[in-house]
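Participant: mmCIF, C-alpha atoms and all ligand atoms, saved as work_6.cif, coming up:
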data_structure
#
loop_
_atom_site.group_PDB
_atom_site.id
_atom_site.type_symbol
_atom_site.label_atom_id
_atom_site.label_comp_id
_atom_site.auth_asym_id
_atom_site.auth_seq_id
_atom_site.Cartn_x
_atom_site.Cartn_y
_atom_site.Cartn_z
ATOM 1 C CA MET A 1 -172.112 23.229 104.584
ATOM 2 C CA PRO A 2 -168.813 24.677 105.810
ATOM 3 C CA LEU A 3 -166.326 25.800 103.205
ATOM 4 C CA CYS A 4 -162.546 25.663 103.578
ATOM 5 C CA VAL A 5 -160.194 28.188 101.945
ATOM 6 C CA VAL A 6 -156.425 28.355 101.825
ATOM 7 C CA GLY A 7 -154.694 31.433 100.438
ATOM 8 C CA SER A 8 -152.948 34.716 100.994
ATOM 9 C CA VAL A 9 -153.685 36.969 103.953
ATOM 10 C CA ALA A 10 -152.177 40.359 103.299
ATOM 11 C CA LEU A 11 -151.583 43.955 104.157
ATOM 12 C CA ASP A 12 -152.240 45.747 100.866
ATOM 13 C CA SER A 13 -151.307 49.214 99.684
ATOM 14 C CA VAL A 14 -153.389 50.468 96.818
ATOM 15 C CA GLU A 15 -153.043 53.501 94.563
ATOM 16 C CA THR A 16 -155.888 54.580 92.317
ATOM 17 C CA PRO A 17 -155.771 57.652 90.054
ATOM 18 C CA THR A 18 -157.383 59.723 92.816
ATOM 19 C CA GLN A 19 -156.760 58.020 96.162
ATOM 20 C CA GLN A 20 -154.305 55.902 98.104
ATOM 21 C CA ARG A 21 -154.514 53.495 101.061
ATOM 22 C CA ASP A 22 -151.619 51.853 102.896
ATOM 23 C CA ASN A 23 -151.479 48.569 104.791
ATOM 24 C CA VAL A 24 -155.174 47.793 104.586
ATOM 25 C CA LEU A 25 -156.642 44.356 105.179
ATOM 26 C CA GLY A 26 -156.375 42.253 102.023
ATOM 27 C CA GLY A 27 -155.244 38.977 100.533
ATOM 28 C CA SER A 28 -156.990 36.488 98.330
ATOM 29 C CA ALA A 29 -158.252 34.290 101.182
ATOM 30 C CA VAL A 30 -159.521 37.294 103.157
ATOM 31 C CA TYR A 31 -161.678 38.716 100.367
ATOM 32 C CA PHE A 32 -162.862 35.201 99.569
ATOM 33 C CA SER A 33 -163.766 34.389 103.187
ATOM 34 C CA TYR A 34 -165.637 37.591 103.795
ATOM 35 C CA ALA A 35 -167.698 37.236 100.600
ATOM 36 C CA ALA A 36 -168.445 33.562 101.302
ATOM 37 C CA SER A 37 -169.460 34.340 104.888
ATOM 38 C CA PHE A 38 -172.722 35.837 103.589
ATOM 39 C CA PHE A 39 -173.740 32.244 102.802
ATOM 40 C CA THR A 40 -172.030 29.765 105.079
ATOM 41 C CA THR A 41 -169.395 29.054 107.734
ATOM 42 C CA VAL A 42 -165.933 29.577 106.333
ATOM 43 C CA ARG A 43 -162.737 27.993 107.599
ATOM 44 C CA LEU A 44 -159.762 30.168 106.677
ATOM 45 C CA ALA A 45 -156.197 28.857 106.458
ATOM 46 C CA GLY A 46 -153.247 31.143 105.839
ATOM 47 C CA VAL A 47 -150.250 32.720 107.479
ATOM 48 C CA VAL A 48 -149.378 36.119 108.935
ATOM 49 C CA GLY A 49 -146.482 37.637 110.867
ATOM 50 C CA ASP A 50 -146.590 39.244 114.292
ATOM 51 C CA ASP A 51 -147.154 42.632 112.618
ATOM 52 C CA TRP A 52 -150.702 41.484 111.784
ATOM 53 C CA PRO A 53 -153.241 43.534 113.763
ATOM 54 C CA ALA A 54 -155.277 41.278 116.069
ATOM 55 C CA ASP A 55 -158.323 43.437 115.247
ATOM 56 C CA ASN A 56 -158.315 42.023 111.727
ATOM 57 C CA THR A 57 -158.673 38.482 113.049
ATOM 58 C CA ALA A 58 -161.402 39.571 115.483
ATOM 59 C CA MET A 59 -163.325 41.201 112.647
ATOM 60 C CA LEU A 60 -163.217 37.992 110.591
ATOM 61 C CA GLN A 61 -164.234 35.896 113.593
ATOM 62 C CA ALA A 62 -167.218 38.186 114.143
ATOM 63 C CA ARG A 63 -168.413 37.013 110.703
ATOM 64 C CA SER A 64 -168.262 33.360 111.836
ATOM 65 C CA ILE A 65 -165.056 32.852 109.900
ATOM 66 C CA ASP A 66 -163.047 30.140 111.615
ATOM 67 C CA THR A 67 -159.433 31.341 111.937
ATOM 68 C CA ASP A 68 -157.991 28.296 113.741
ATOM 69 C CA GLY A 69 -156.028 27.587 110.559
ATOM 70 C CA LEU A 70 -154.458 31.051 110.461
ATOM 71 C CA GLN A 71 -150.822 30.591 111.510
ATOM 72 C CA VAL A 72 -149.042 33.469 113.228
ATOM 73 C CA VAL A 73 -145.250 33.384 112.758
ATOM 74 C CA GLN A 74 -143.521 35.125 115.665
ATOM 75 C CA GLY A 75 -140.779 37.426 114.381
ATOM 76 C CA GLY A 76 -142.155 37.123 110.834
ATOM 77 C CA LYS A 77 -143.714 39.729 108.563
ATOM 78 C CA THR A 78 -147.100 39.470 106.878
ATOM 79 C CA PHE A 79 -147.289 39.196 103.074
ATOM 80 C CA ARG A 80 -147.475 42.665 101.502
ATOM 81 C CA TRP A 81 -148.688 43.703 98.088
ATOM 82 C CA ARG A 82 -148.716 47.185 96.553
ATOM 83 C CA GLY A 83 -150.670 47.819 93.385
ATOM 84 C CA LYS A 84 -151.491 50.786 91.202
ATOM 85 C CA TYR A 85 -154.543 51.123 88.963
ATOM 86 C CA LEU A 86 -154.336 52.770 85.578
ATOM 87 C CA PRO A 87 -156.866 55.496 84.761
ATOM 88 C CA ASN A 88 -159.218 52.918 83.162
ATOM 89 C CA MET A 89 -159.497 51.310 86.671
ATOM 90 C CA ASN A 90 -159.358 47.851 85.080
ATOM 91 C CA ASP A 91 -155.643 47.361 84.453
ATOM 92 C CA ARG A 92 -153.176 47.408 87.291
ATOM 93 C CA GLU A 93 -149.475 47.161 87.929
ATOM 94 C CA THR A 94 -147.920 45.356 90.873
ATOM 95 C CA LEU A 95 -145.466 47.856 92.341
ATOM 96 C CA GLU A 96 -144.229 45.708 95.224
ATOM 97 C CA LEU A 97 -144.667 42.111 96.285
ATOM 98 C CA HIS A 98 -143.094 40.945 99.536
ATOM 99 C CA LEU A 99 -143.976 37.318 100.159
ATOM 100 C CA ASN A 100 -142.444 37.399 103.666
ATOM 101 C CA VAL A 101 -144.001 34.583 105.759
ATOM 102 C CA LEU A 102 -145.974 33.399 102.722
ATOM 103 C CA ALA A 103 -142.721 32.263 101.055
ATOM 104 C CA THR A 104 -142.353 29.367 103.488
ATOM 105 C CA PHE A 105 -146.047 28.762 104.229
ATOM 106 C CA ASP A 106 -146.793 25.130 104.944
ATOM 107 C CA PRO A 107 -150.519 24.722 105.557
ATOM 108 C CA VAL A 108 -151.407 22.397 108.423
ATOM 109 C CA LEU A 109 -155.179 22.234 108.494
ATOM 110 C CA PRO A 110 -157.048 21.720 111.784
ATOM 111 C CA GLU A 111 -159.266 18.624 111.996
ATOM 112 C CA ALA A 112 -162.544 20.503 111.304
ATOM 113 C CA TYR A 113 -161.056 21.877 108.077
ATOM 114 C CA ARG A 114 -160.111 18.400 106.870
ATOM 115 C CA GLN A 115 -163.764 17.308 106.932
ATOM 116 C CA CYS A 116 -164.893 20.040 104.507
ATOM 117 C CA LYS A 117 -166.671 18.928 101.343
ATOM 118 C CA PHE A 118 -166.036 22.265 99.626
ATOM 119 C CA LEU A 119 -162.453 23.466 99.253
ATOM 120 C CA PHE A 120 -161.193 26.634 97.595
ATOM 121 C CA LEU A 121 -157.536 27.262 96.844
ATOM 122 C CA ALA A 122 -157.262 31.031 96.589
ATOM 123 C CA ASN A 123 -154.328 32.684 94.848
ATOM 124 C CA GLY A 124 -151.088 31.258 96.098
ATOM 125 C CA SER A 125 -148.276 28.882 95.267
ATOM 126 C CA PRO A 126 -149.414 25.598 93.648
ATOM 127 C CA THR A 127 -147.065 23.862 96.099
ATOM 128 C CA TYR A 128 -149.131 24.799 99.123
ATOM 129 C CA GLN A 129 -152.392 24.573 97.189
ATOM 130 C CA MET A 130 -151.501 20.917 96.554
ATOM 131 C CA LYS A 131 -150.627 20.331 100.212
ATOM 132 C CA ALA A 132 -154.093 21.564 101.165
ATOM 133 C CA ILE A 133 -155.734 19.108 98.746
ATOM 134 C CA ASP A 134 -153.736 16.258 100.301
ATOM 135 C CA GLN A 135 -155.204 17.148 103.716
ATOM 136 C CA CYS A 136 -158.841 17.258 102.566
ATOM 137 C CA PRO A 137 -159.742 13.747 101.442
ATOM 138 C CA ALA A 138 -163.471 14.419 102.013
ATOM 139 C CA ALA A 139 -163.605 17.327 99.536
ATOM 140 C CA SER A 140 -166.089 16.648 96.739
ATOM 141 C CA LEU A 141 -165.645 20.056 95.098
ATOM 142 C CA ILE A 142 -162.144 21.517 94.817
ATOM 143 C CA VAL A 143 -161.816 24.821 92.973
ATOM 144 C CA ALA A 144 -158.614 26.821 92.531
ATOM 145 C CA ASP A 145 -157.620 30.309 91.466
ATOM 146 C CA THR A 146 -154.248 31.220 90.025
ATOM 147 C CA MET A 147 -152.471 34.276 88.651
ATOM 148 C CA ASP A 148 -149.731 35.426 86.266
ATOM 149 C CA HIS A 149 -147.021 35.180 88.955
ATOM 150 C CA TYR A 150 -147.576 31.425 89.382
ATOM 151 C CA ILE A 151 -148.200 30.741 85.680
ATOM 152 C CA ARG A 152 -144.820 32.290 84.907
ATOM 153 C CA ASN A 153 -142.792 31.012 87.852
ATOM 154 C CA GLU A 154 -144.351 27.715 89.004
ATOM 155 C CA ARG A 155 -145.694 26.187 85.823
ATOM 156 C CA GLU A 156 -144.777 22.599 86.594
ATOM 157 C CA GLY A 157 -146.550 22.651 89.961
ATOM 158 C CA LEU A 158 -149.531 24.404 88.417
ATOM 159 C CA ASP A 159 -149.865 21.748 85.700
ATOM 160 C CA LYS A 160 -149.966 19.057 88.389
ATOM 161 C CA LEU A 161 -152.500 21.043 90.396
ATOM 162 C CA LEU A 162 -154.797 21.440 87.384
ATOM 163 C CA ARG A 163 -155.080 17.663 87.162
ATOM 164 C CA ARG A 164 -156.360 17.516 90.754
ATOM 165 C CA VAL A 165 -159.005 20.247 90.832
ATOM 166 C CA HIS A 166 -162.612 20.152 89.633
ATOM 167 C CA GLY A 167 -162.800 23.839 88.772
ATOM 168 C CA LEU A 168 -160.482 26.748 88.010
ATOM 169 C CA VAL A 169 -161.220 30.477 88.101
ATOM 170 C CA LEU A 170 -158.791 32.884 86.462
ATOM 171 C CA ASN A 171 -158.656 36.235 84.647
ATOM 172 C CA ASP A 172 -158.856 36.648 80.891
ATOM 173 C CA SER A 173 -155.194 37.734 80.652
ATOM 174 C CA GLU A 174 -154.176 34.743 82.784
ATOM 175 C CA ALA A 175 -156.134 32.321 80.576
ATOM 176 C CA LYS A 176 -154.324 33.738 77.541
ATOM 177 C CA LEU A 177 -150.958 33.459 79.298
ATOM 178 C CA LEU A 178 -151.635 29.886 80.419
ATOM 179 C CA THR A 179 -152.717 28.656 76.971
ATOM 180 C CA GLY A 180 -150.917 31.011 74.585
ATOM 181 C CA ASP A 181 -154.266 31.584 72.852
ATOM 182 C CA ASP A 182 -155.726 35.092 72.524
ATOM 183 C CA ASN A 183 -159.216 33.801 71.747
ATOM 184 C CA LEU A 184 -161.002 33.348 75.076
ATOM 185 C CA VAL A 185 -163.382 30.658 73.836
ATOM 186 C CA ARG A 186 -160.498 28.501 72.669
ATOM 187 C CA ALA A 187 -158.445 29.415 75.757
ATOM 188 C CA GLY A 188 -161.262 28.348 78.108
ATOM 189 C CA GLU A 189 -161.590 24.975 76.372
ATOM 190 C CA ALA A 190 -157.816 24.553 76.377
ATOM 191 C CA VAL A 191 -157.664 25.139 80.145
ATOM 192 C CA ARG A 192 -160.383 22.518 80.586
ATOM 193 C CA ARG A 193 -158.265 20.016 78.675
ATOM 194 C CA MET A 194 -155.495 20.614 81.251
ATOM 195 C CA GLY A 195 -157.673 18.980 83.925
ATOM 196 C CA PRO A 196 -160.549 20.936 85.505
ATOM 197 C CA ARG A 197 -164.110 19.917 84.628
ATOM 198 C CA PHE A 198 -165.169 23.541 84.591
ATOM 199 C CA VAL A 199 -163.379 26.832 84.077
ATOM 200 C CA VAL A 200 -164.553 30.350 84.889
ATOM 201 C CA ILE A 201 -162.778 33.177 83.102
ATOM 202 C CA LYS A 202 -163.243 36.557 84.811
ATOM 203 C CA LYS A 203 -163.166 39.573 82.551
ATOM 204 C CA GLY A 204 -163.361 42.436 85.050
ATOM 205 C CA GLU A 205 -165.973 44.997 84.054
ATOM 206 C CA HIS A 206 -166.914 42.720 81.135
ATOM 207 C CA GLY A 207 -168.229 39.917 83.355
ATOM 208 C CA ALA A 208 -167.364 36.236 83.346
ATOM 209 C CA MET A 209 -167.447 33.216 81.032
ATOM 210 C CA PHE A 210 -168.264 29.673 82.104
ATOM 211 C CA PHE A 211 -166.925 26.578 80.369
ATOM 212 C CA GLY A 212 -168.401 23.240 81.452
ATOM 213 C CA GLU A 213 -168.633 19.751 79.979
ATOM 214 C CA ASP A 214 -171.755 20.563 77.975
ATOM 215 C CA GLU A 215 -172.189 24.292 78.241
ATOM 216 C CA LEU A 216 -170.582 27.645 77.669
ATOM 217 C CA TYR A 217 -172.206 30.872 78.836
ATOM 218 C CA VAL A 218 -171.436 34.452 79.746
ATOM 219 C CA MET A 219 -172.506 36.415 82.807
ATOM 220 C CA PRO A 220 -172.299 40.188 82.441
ATOM 221 C CA ALA A 221 -170.873 42.307 85.249
ATOM 222 C CA TYR A 222 -173.406 44.216 87.359
ATOM 223 C CA PRO A 223 -172.992 47.811 86.167
ATOM 224 C CA THR A 224 -171.906 50.062 89.000
ATOM 225 C CA ALA A 225 -170.946 53.703 88.546
ATOM 226 C CA ARG A 226 -168.978 53.771 91.790
ATOM 227 C CA VAL A 227 -165.674 52.003 91.085
ATOM 228 C CA VAL A 228 -163.358 53.060 93.912
ATOM 229 C CA ASP A 229 -160.896 50.130 94.183
ATOM 230 C CA PRO A 230 -161.147 46.922 92.124
ATOM 231 C CA THR A 231 -158.745 44.997 94.399
ATOM 232 C CA GLY A 232 -160.249 41.737 95.554
ATOM 233 C CA ALA A 233 -163.036 41.717 92.983
ATOM 234 C CA GLY A 234 -161.868 38.354 91.631
ATOM 235 C CA ASP A 235 -161.529 36.832 95.094
ATOM 236 C CA SER A 236 -164.937 38.143 96.183
ATOM 237 C CA PHE A 237 -166.398 36.726 92.982
ATOM 238 C CA ALA A 238 -165.000 33.323 93.922
ATOM 239 C CA GLY A 239 -166.231 33.755 97.521
ATOM 240 C CA GLY A 240 -169.769 34.524 96.395
ATOM 241 C CA MET A 241 -169.707 31.628 93.964
ATOM 242 C CA MET A 242 -168.310 28.996 96.358
ATOM 243 C CA GLY A 243 -170.290 30.355 99.315
ATOM 244 C CA TYR A 244 -173.544 29.906 97.438
ATOM 245 C CA LEU A 245 -172.566 26.400 96.265
ATOM 246 C CA ALA A 246 -171.680 25.383 99.829
ATOM 247 C CA GLU A 247 -174.930 26.846 101.132
ATOM 248 C CA GLN A 248 -176.906 24.864 98.549
ATOM 249 C CA GLY A 249 -174.776 21.773 99.174
ATOM 250 C CA ASN A 250 -174.506 20.835 95.505
ATOM 251 C CA PHE A 251 -172.846 21.921 92.272
ATOM 252 C CA GLU A 252 -175.425 20.885 89.683
ATOM 253 C CA PRO A 253 -175.339 22.964 86.479
ATOM 254 C CA LYS A 254 -178.306 25.123 87.595
ATOM 255 C CA THR A 255 -176.760 25.837 90.994
ATOM 256 C CA LEU A 256 -173.422 26.625 89.368
ATOM 257 C CA LYS A 257 -175.062 29.160 87.083
ATOM 258 C CA ARG A 258 -176.743 30.914 90.002
ATOM 259 C CA SER A 259 -173.476 30.816 91.936
ATOM 260 C CA LEU A 260 -171.805 32.780 89.148
ATOM 261 C CA ALA A 261 -174.511 35.420 89.478
ATOM 262 C CA TYR A 262 -173.863 35.692 93.238
ATOM 263 C CA GLY A 263 -170.122 35.916 92.541
ATOM 264 C CA THR A 264 -170.768 38.722 90.068
ATOM 265 C CA LEU A 265 -172.750 40.680 92.641
ATOM 266 C CA MET A 266 -170.232 40.196 95.459
ATOM 267 C CA ALA A 267 -167.532 41.568 93.139
ATOM 268 C CA SER A 268 -169.729 44.546 92.257
ATOM 269 C CA PHE A 269 -170.009 45.484 95.935
ATOM 270 C CA THR A 270 -166.294 44.984 96.645
ATOM 271 C CA VAL A 271 -165.166 47.498 93.995
ATOM 272 C CA GLU A 272 -167.346 50.214 95.528
ATOM 273 C CA ASP A 273 -164.768 50.967 98.250
ATOM 274 C CA PHE A 274 -161.261 50.076 99.453
ATOM 275 C CA SER A 275 -160.437 46.785 101.166
ATOM 276 C CA LEU A 276 -163.542 45.158 102.721
ATOM 277 C CA ASP A 277 -165.076 48.534 103.507
ATOM 278 C CA ARG A 278 -168.089 48.215 101.203
ATOM 279 C CA LEU A 279 -168.794 44.567 102.007
ATOM 280 C CA ARG A 280 -168.821 45.493 105.685
ATOM 281 C CA THR A 281 -171.776 47.815 105.114
ATOM 282 C CA ILE A 282 -174.098 45.312 103.418
ATOM 283 C CA ASN A 283 -176.190 42.344 104.483
ATOM 284 C CA ARG A 284 -177.818 39.416 102.729
ATOM 285 C CA ALA A 285 -180.954 41.473 102.027
ATOM 286 C CA ASP A 286 -178.876 44.071 100.124
ATOM 287 C CA LEU A 287 -177.381 41.276 98.101
ATOM 288 C CA GLU A 288 -180.785 39.799 97.271
ATOM 289 C CA LYS A 289 -182.090 43.233 96.304
ATOM 290 C CA ARG A 290 -179.223 43.628 93.839
ATOM 291 C CA MET A 291 -179.932 40.101 92.598
ATOM 292 C CA GLU A 292 -183.500 41.086 91.737
ATOM 293 C CA GLU A 293 -182.243 44.129 89.798
ATOM 294 C CA TYR A 294 -179.636 41.991 88.049
ATOM 295 C CA LYS A 295 -182.221 39.369 87.073
ATOM 296 C CA SER A 296 -184.551 41.971 85.630
ATOM 297 C CA MET A 297 -181.647 43.469 83.643
ATOM 298 C CA LEU A 298 -180.999 40.048 82.118
ATOM 299 C CA SER A 299 -184.563 39.094 81.167
ATOM 300 C CA PHE A 300 -185.804 40.111 77.737
HETATM 301 P P1 LIG A 401 -157.768 40.324 92.988
HETATM 302 O O1 LIG A 401 -157.907 41.816 92.852
HETATM 303 O O2 LIG A 401 -159.056 39.608 93.190
HETATM 304 O O3 LIG A 401 -156.932 39.728 91.912
HETATM 305 O O4 LIG A 401 -156.943 40.054 94.342
HETATM 306 C C1 LIG A 401 -156.084 40.980 94.919
HETATM 307 C C2 LIG A 401 -155.513 40.375 96.193
HETATM 308 O O5 LIG A 401 -154.571 39.366 95.850
HETATM 309 C C3 LIG A 401 -154.786 41.398 97.036
HETATM 310 O O6 LIG A 401 -155.477 41.541 98.275
HETATM 311 C C4 LIG A 401 -153.380 40.845 97.221
HETATM 312 O O7 LIG A 401 -152.964 40.871 98.565
HETATM 313 C C5 LIG A 401 -153.460 39.417 96.720
HETATM 314 N N1 LIG A 401 -152.265 39.042 95.957
HETATM 315 C C6 LIG A 401 -151.549 39.823 95.104
HETATM 316 N N2 LIG A 401 -150.496 39.126 94.608
HETATM 317 C C7 LIG A 401 -150.545 37.881 95.153
HETATM 318 C C8 LIG A 401 -149.728 36.695 95.062
HETATM 319 N N3 LIG A 401 -148.636 36.638 94.285
HETATM 320 N N4 LIG A 401 -150.092 35.597 95.760
HETATM 321 C C9 LIG A 401 -151.197 35.633 96.514
HETATM 322 N N5 LIG A 401 -151.992 36.695 96.670
HETATM 323 C C10 LIG A 401 -151.684 37.817 96.009
#
Could you write out this structure as structure tokens?
Ligand code: AMP

Facilitator:
Amino acid sequence: MPLCVVGSVALDSVETPTQQRDNVLGGSAVYFSYAASFFTTVRLAGVVGDDWPADNTAMLQARSIDTDGLQVVQGGKTFRWRGKYLPNMNDRETLELHLNVLATFDPVLPEAYRQCKFLFLANGSPTYQMKAIDQCPAASLIVADTMDHYIRNEREGLDKLLRRVHGLVLNDSEAKLLTGDDNLVRAGEAVRRMGPRFVVIKKGEHGAMFFGEDELYVMPAYPTARVVDPTGAGDSFAGGMMGYLAEQGNFEPKTLKRSLAYGTLMASFTVEDFSLDRLRTINRADLEKRMEEYKSMLSF
């Protein structure tokens, strides 16, 4: 089944302790779309300025990612983010954030997008995340992501959004910020009480935790020695997870658990290079091979 995503499309600049890249393809909806495209057709909605290289769009289209919902604002500038990783490669600082055309983004979804049963609201303002929900009456699974910026600055909108989504994915530090609770088990349950039926807390190299109506489990990260750039790991996780759910066409507890495993593996590939560079070198067979290794690591 096709999967619709609304979120940021960006030109990122990334500094790691040993390397730097400027103006590379990024954004929450881009990482998400690319990861999900291993499983299903993705319909991407976002906004860019006329400084956006057309090659980027062509590359996404070559992956069967529908870009009809990608607005190009003439005379506008694409959203830019600059981040710097600390030597532990897990913590990062945002050095610059220029919302540019994203500040006034008003998603208008093409007809094919409005029919989607699976909708993902990648990192972005709760205001436009909500507008996307309003345009997708057929969506039976709506999952959102959020981040510190929106928890701090758009709390009222976020609270409303949480009452309209079925699932939420967020980082451990964001779950603590949102609930004011430093214990992740309590924080996960507290987020669930804010609205979503399930919550996934991502813990970077420490994996992910799932909180559902009747279950709580952890999914360890796939151990990779080659951590080059963690940017987009969370969005690729969500792309792998939602892509698999859309491919299977259901979100039963068993399918959800497997989807978290696929999300974990997509994230493990993303961190192995800058931007989408590592994901662009793999295919579904590589993913399944890693899945077999991951499964055997987990069985005892
Ligand atoms: P992740 O590493 O999965 O948290 O995602 C990093 C991506 O999020 C980068 O490609 C950024 O362009 C994008 N990003 C950073 N800040 C924001 C923001 N405030 N709103 C939307 N997207 C953002």

Participant: Using all atoms listed in the file, which protein or nucleic acid residues come within 10 Å of Ala190 of chain A? Drop anything in the same chain fewer than 6 positions from it, and give the result as a list in words.

Facilitator: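 Result of the neighbour search: Ala175, Lys176, Leu178, Thr179, Gly180, Asp181, Leu184 and Val199 of chain A.
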
Participant: Select, from A:Tyr85, A:Tyr34, A:Phe79, A:Trp52, the residue with the minimum atom-to-atom distance to Thr18 of chain A, counting all atoms listed in the file.

Facilitator: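 Closest candidate: A:Tyr85.
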
Participant: Counting only C-alpha atoms, find residues at most 6 Å from (-158.4, 26.8, 97.3) (file frame) and give them as a list in words.

Facilitator: Val5, Val6, Leu119, Phe120, Leu121, Ala122, Val143 and Ala144 of chain A

Participant: Using the chain letters and numbering of this document, enumerate as a PyMOL selection string the residues selected by the PyMOL selection byres (((chain A and resi 221-228) around 10) and not hetatm).

Facilitator: chain A and resi 16-19+89-90+202-208+218-220+229-231+261+263-274+278+290-291+293-294+297

Participant: What does the file look like for those residues with C-alpha atoms, as a compact mmCIF listing (two decimals), in the coordinates of the input?

Facilitator:
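What landed in selection22.txt:
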# COMPACT_ATOMS: atom_id res chain seq x y z
CA THR A 16 -155.89 54.58 92.32
CA PRO A 17 -155.77 57.65 90.05
CA THR A 18 -157.38 59.72 92.82
CA GLN A 19 -156.76 58.02 96.16
CA MET A 89 -159.50 51.31 86.67
CA ASN A 90 -159.36 47.85 85.08
CA LYS A 202 -163.24 36.56 84.81
CA LYS A 203 -163.17 39.57 82.55
CA GLY A 204 -163.36 42.44 85.05
CA GLU A 205 -165.97 45.00 84.05
CA HIS A 206 -166.91 42.72 81.14
CA GLY A 207 -168.23 39.92 83.36
CA ALA A 208 -167.36 36.24 83.35
CA VAL A 218 -171.44 34.45 79.75
CA MET A 219 -172.51 36.42 82.81
CA PRO A 220 -172.30 40.19 82.44
CA ASP A 229 -160.90 50.13 94.18
CA PRO A 230 -161.15 46.92 92.12
CA THR A 231 -158.74 45.00 94.40
CA ALA A 261 -174.51 35.42 89.48
CA GLY A 263 -170.12 35.92 92.54
CA THR A 264 -170.77 38.72 90.07
CA LEU A 265 -172.75 40.68 92.64
CA MET A 266 -170.23 40.20 95.46
CA ALA A 267 -167.53 41.57 93.14
CA SER A 268 -169.73 44.55 92.26
CA PHE A 269 -170.01 45.48 95.94
CA THR A 270 -166.29 44.98 96.64
CA VAL A 271 -165.17 47.50 94.00
CA GLU A 272 -167.35 50.21 95.53
CA ASP A 273 -164.77 50.97 98.25
CA PHE A 274 -161.26 50.08 99.45
CA ARG A 278 -168.09 48.22 101.20
CA ARG A 290 -179.22 43.63 93.84
CA MET A 291 -179.93 40.10 92.60
CA GLU A 293 -182.24 44.13 89.80
CA TYR A 294 -179.64 41.99 88.05
CA MET A 297 -181.65 43.47 83.64

Participant: Can you tell me which residues surround Arg21 of chain A at a distance of at most 10 Å, considering all atoms listed in the file, apart from same-chain residues fewer than 6 positions away, and format the answer as a PyMOL selection string?

Facilitator: chain A and resi 12-15+82+229+274-275

Participant: Quick one: residues within 10 Å of Ala103 of chain A, only C-alpha atoms counted, chain neighbours fewer than 6 positions away excluded, as a ChimeraX atom specification?

Facilitator: /A:47,79,124-125

Participant: Hey, what comes out of the PyMOL selection byres (((not hetatm)) within 8 of (chain A and resi 401)) on this file? Could you write it as a PyMOL selection string?

Facilitator: chain A and resi 7-12+25-28+30-31+79-82+94+97+99+122-125+147+149-150+230-237+275

Participant: Find, counting only C-alpha atoms, the residue in A:Ala62, A:Leu287, A:Cys136, A:Met1 that gets nearest to Leu109 of chain A.

Facilitator: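 Of all the options, A:Cys136 lies closest to Leu109 of chain A.
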
Participant: I need the residue nearest Arg186 of chain A from this list: A:Ser140, A:Leu216, A:Gly249, A:Leu161. Use only C-alpha atoms for the distance.

Facilitator: A:Leu216

Participant: Given the choices A:Phe39, A:Val48, A:Arg114, A:Gln248, which gets closest to Glu288 of chain A if the distance is worked out from only C-alpha atoms?

Facilitator: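 Closest to Glu288 of chain A of all the choices is A:Phe39.
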
Participant: Return as a list in words the set of residues that the PyMOL selection byres (((chain A and resi 168) around 7) and not hetatm) yields on the displayed structure.

Facilitator: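 For this structure, the PyMOL selection byres (((chain A and resi 168) around 7) and not hetatm) captures Val143, Ala144, Asp145, Gly167, Val169, Leu170, Pro196, Phe198, Val199 and Val200 of chain A.
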
Participant: Distance atom CA of Ile151 of chain A-atom CA of Leu44 of chain A, one decimal place?

Facilitator: 24.0 Å

Participant: If I take atom CA of Ala285 of chain A and atom CA of Lys254 of chain A, how far is one from the other in Å, to one decimal?

Facilitator: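 Between atom CA of Ala285 of chain A and atom CA of Lys254 of chain A the gap works out to 22.0 Å.
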
Participant: In Å to one decimal, how far is atom CA of Cys116 of chain A from atom CA of Asp55 of chain A?

Facilitator: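 Computing the Euclidean distance for atom CA of Asp55 of chain A and atom CA of Cys116 of chain A yields 26.6 Å.
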
Participant: Set the distance at 8 Å and use all atoms listed in the file: which residues neighbour Ser33 of chain A once local chain neighbours fewer than 4 positions away are removed? I'd like the list as a short mmCIF file (atom, residue, chain, number, x, y, z; two decimals) with C-alpha atoms, in the coordinates of the input.

Facilitator:
data_model
loop_
_atom_site.label_atom_id
_atom_site.label_comp_id
_atom_site.auth_asym_id
_atom_site.auth_seq_id
_atom_site.Cartn_x
_atom_site.Cartn_y
_atom_site.Cartn_z
CA VAL A 5 -160.19 28.19 101.94
CA ALA A 29 -158.25 34.29 101.18
CA SER A 37 -169.46 34.34 104.89
CA VAL A 42 -165.93 29.58 106.33
CA ARG A 43 -162.74 27.99 107.60
CA LEU A 44 -159.76 30.17 106.68
CA ILE A 65 -165.06 32.85 109.90
CA GLY A 239 -166.23 33.76 97.52
#

Participant: Would you mind listing what lies within 9 Å of Glu247 of chain A as a ChimeraX atom specification, with all atoms listed in the file counted and same-chain residues fewer than 3 positions away left out?

Facilitator: /A:1-3,39-41,242-244,250

Participant: Which is closest to Phe38 of chain A among A:Glu292, A:Tyr262, A:Glu215, A:Phe300, if we use only C-alpha atoms?

Facilitator: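 Using only C-alpha atoms, the shortest distance to Phe38 of chain A belongs to A:Tyr262.
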
Participant: Between A:Val185, A:Ala54, A:Cys4, A:Leu256, which one has atoms that come closest to Ala36 of chain A, using only C-alpha atoms?

Facilitator: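 Using only C-alpha atoms, the shortest distance to Ala36 of chain A belongs to A:Cys4.
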
Participant: Taking (-159.0, 24.9, 109.7) in the file's coordinates, which residues come within 7 Å, counting all atoms listed in the file, written as number ranges by chain?

Facilitator: A: 43-45, 66-69, 109-113
